[in-house]
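This report refers to the structure that appears directly beneath it.
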Amino acid sequence: NWDNMASISLKKYDENIKKADDFDTFYKYLNSKHCILTPWCEDKICEDSVKEKVKNLCSDDSENIGTCKTLCLPIKQDEIKEGTKCFCCDKKATKYALWGRSY
């Protein structure tokens with residue numbers, strides 16, 4: 001039935017999302033094939049930096065290939081606590097972003 005399928009899908013989706021407040025944790029979850037929710041500054045330069053860091057780390061790791069990308073800024077956002085920094089560049093975080101692997 002549709003309700004059961006939706007419930008199972010939502011459960012799997014929720015189980016696949018991990019939270020990371022720093023780049024090392026982010027990278028660990030990325031390589032475990034999870035989507036990662038991070039505090040982010042929304043700066044394009046920072047996004048490019050994350051992609052480049054992942055690409056460079058993957059070039060030294062034959063098991064993990066590709067890079068990553070922002071998948072979305074979820075519509076439903078938890079409140080960003082005062083003093084929360086971007087997981088990558090240490091600027092003030094303005095939103096939570098969902099990231100995933102890109103190949």
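Convention: chains lettered A, B, ... in structure tokens order; per-chain residue numbering from 1; ligands numbered from 1 as shown.
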Quick check for you: according to DSSP on this backbone, which residues of chain A are classed as alpha helix (DSSP H)? Reply as a ChimeraX atom specification. /A:2-16,23-30,44-59
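Shell of A:Asp14 at 12 Å, with only C-alpha atoms counted and residues fewer than 3 places along the chain excluded, is Ser7, Ile8, Ser9, Leu10, Lys11, Ile17, Lys18, Lys19, His34, Cys35, Ile36 and Leu37 of chain A.
Residues in contact with A:Ile80 at up to 8 Å, not including ones fewer than 5 positions away on its chain and judged by only C-alpha atoms, are Pro39, Ala93, Thr94, Lys95 and Tyr96 of chain A.
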Go ahead and save the picked residues with N, CA, C and O atoms, as a compact mmCIF listing (two decimals), in the first residue's frame.
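After the write, result20.txt holds the following:
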# COMPACT_ATOMS: atom_id res chain seq x y z
N PRO A 39 26.16 23.19 8.75
CA PRO A 39 25.99 24.64 8.82
C PRO A 39 26.88 25.23 7.72
O PRO A 39 28.02 24.81 7.53
N ALA A 93 27.80 30.85 9.88
CA ALA A 93 26.83 30.02 9.15
C ALA A 93 25.50 30.75 9.07
O ALA A 93 25.06 31.36 10.05
N THR A 94 24.88 30.71 7.89
CA THR A 94 23.60 31.40 7.69
C THR A 94 22.45 30.43 7.43
O THR A 94 21.30 30.78 7.65
N LYS A 95 22.76 29.23 6.95
CA LYS A 95 21.74 28.21 6.63
C LYS A 95 22.37 26.83 6.85
O LYS A 95 23.58 26.68 6.92
N TYR A 96 21.50 25.83 6.88
CA TYR A 96 21.96 24.45 6.81
C TYR A 96 21.84 24.01 5.36
O TYR A 96 20.84 24.32 4.69
Every residue of stretch 29-82 of chain A that DSSP places in strand (DSSP E), as a PyMOL selection string: chain A and resi 35-40+67-72
Show me, as a ChimeraX atom specification, the residues that have an atom within 8 Å of stretch 40-51 of chain A when counting only C-alpha atoms, minus same-chain residues fewer than 4 positions from it. /A:55,67-70,85-89,91-97
Selection to disk with N, CA and C atoms, as a PDB file, in the first residue's frame:
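That gives us out-v5.pdb:
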ATOM      1  N   LYS A  55      37.750  16.704  -4.023  1.00  0.00           N
ATOM      2  CA  LYS A  55      38.367  16.190  -5.257  1.00  0.00           C
ATOM      3  C   LYS A  55      39.828  15.820  -5.004  1.00  0.00           C
ATOM      4  N   THR A  67      33.594  14.119  -6.521  1.00  0.00           N
ATOM      5  CA  THR A  67      33.622  15.236  -5.599  1.00  0.00           C
ATOM      6  C   THR A  67      32.261  15.301  -4.912  1.00  0.00           C
ATOM      7  N   CYS A  68      31.786  16.480  -4.618  1.00  0.00           N
ATOM      8  CA  CYS A  68      30.500  16.620  -3.929  1.00  0.00           C
ATOM      9  C   CYS A  68      29.816  17.881  -4.426  1.00  0.00           C
ATOM     10  N   LYS A  69      28.586  18.059  -3.980  1.00  0.00           N
ATOM     11  CA  LYS A  69      27.859  19.277  -4.341  1.00  0.00           C
ATOM     12  C   LYS A  69      26.776  19.531  -3.310  1.00  0.00           C
ATOM     13  N   THR A  70      26.314  20.769  -3.268  1.00  0.00           N
ATOM     14  CA  THR A  70      25.158  21.059  -2.432  1.00  0.00           C
ATOM     15  C   THR A  70      23.948  20.512  -3.163  1.00  0.00           C
ATOM     16  N   LYS A  85      29.581  28.404  13.170  1.00  0.00           N
ATOM     17  CA  LYS A  85      30.459  28.663  12.034  1.00  0.00           C
ATOM     18  C   LYS A  85      30.183  27.690  10.897  1.00  0.00           C
ATOM     19  N   CYS A  86      30.510  28.111   9.696  1.00  0.00           N
ATOM     20  CA  CYS A  86      30.457  27.245   8.521  1.00  0.00           C
ATOM     21  C   CYS A  86      31.370  26.043   8.763  1.00  0.00           C
ATOM     22  N   PHE A  87      30.937  24.886   8.345  1.00  0.00           N
ATOM     23  CA  PHE A  87      31.696  23.659   8.573  1.00  0.00           C
ATOM     24  C   PHE A  87      33.045  23.653   7.859  1.00  0.00           C
ATOM     25  N   CYS A  88      33.230  24.527   6.874  1.00  0.00           N
ATOM     26  CA  CYS A  88      34.462  24.493   6.087  1.00  0.00           C
ATOM     27  C   CYS A  88      35.337  25.729   6.245  1.00  0.00           C
ATOM     28  N   CYS A  89      34.735  26.914   6.215  1.00  0.00           N
ATOM     29  CA  CYS A  89      35.579  28.122   6.127  1.00  0.00           C
ATOM     30  C   CYS A  89      35.609  28.964   7.393  1.00  0.00           C
ATOM     31  N   LYS A  91      33.501  31.041   8.520  1.00  0.00           N
ATOM     32  CA  LYS A  91      32.655  32.233   8.505  1.00  0.00           C
ATOM     33  C   LYS A  91      31.374  31.912   9.267  1.00  0.00           C
ATOM     34  N   LYS A  92      30.577  32.924   9.525  1.00  0.00           N
ATOM     35  CA  LYS A  92      29.292  32.734  10.196  1.00  0.00           C
ATOM     36  C   LYS A  92      28.375  31.891   9.307  1.00  0.00           C
ATOM     37  N   ALA A  93      27.796  30.846   9.884  1.00  0.00           N
ATOM     38  CA  ALA A  93      26.832  30.017   9.148  1.00  0.00           C
ATOM     39  C   ALA A  93      25.501  30.755   9.068  1.00  0.00           C
ATOM     40  N   THR A  94      24.881  30.709   7.891  1.00  0.00           N
ATOM     41  CA  THR A  94      23.600  31.396   7.693  1.00  0.00           C
ATOM     42  C   THR A  94      22.454  30.427   7.433  1.00  0.00           C
ATOM     43  N   LYS A  95      22.761  29.234   6.948  1.00  0.00           N
ATOM     44  CA  LYS A  95      21.743  28.210   6.635  1.00  0.00           C
ATOM     45  C   LYS A  95      22.370  26.834   6.848  1.00  0.00           C
ATOM     46  N   TYR A  96      21.502  25.832   6.875  1.00  0.00           N
ATOM     47  CA  TYR A  96      21.962  24.452   6.806  1.00  0.00           C
ATOM     48  C   TYR A  96      21.836  24.012   5.358  1.00  0.00           C
ATOM     49  N   ALA A  97      22.854  23.337   4.867  1.00  0.00           N
ATOM     50  CA  ALA A  97      22.865  22.839   3.490  1.00  0.00           C
ATOM     51  C   ALA A  97      22.975  21.325   3.508  1.00  0.00           C
TER      52      ALA A  97
END
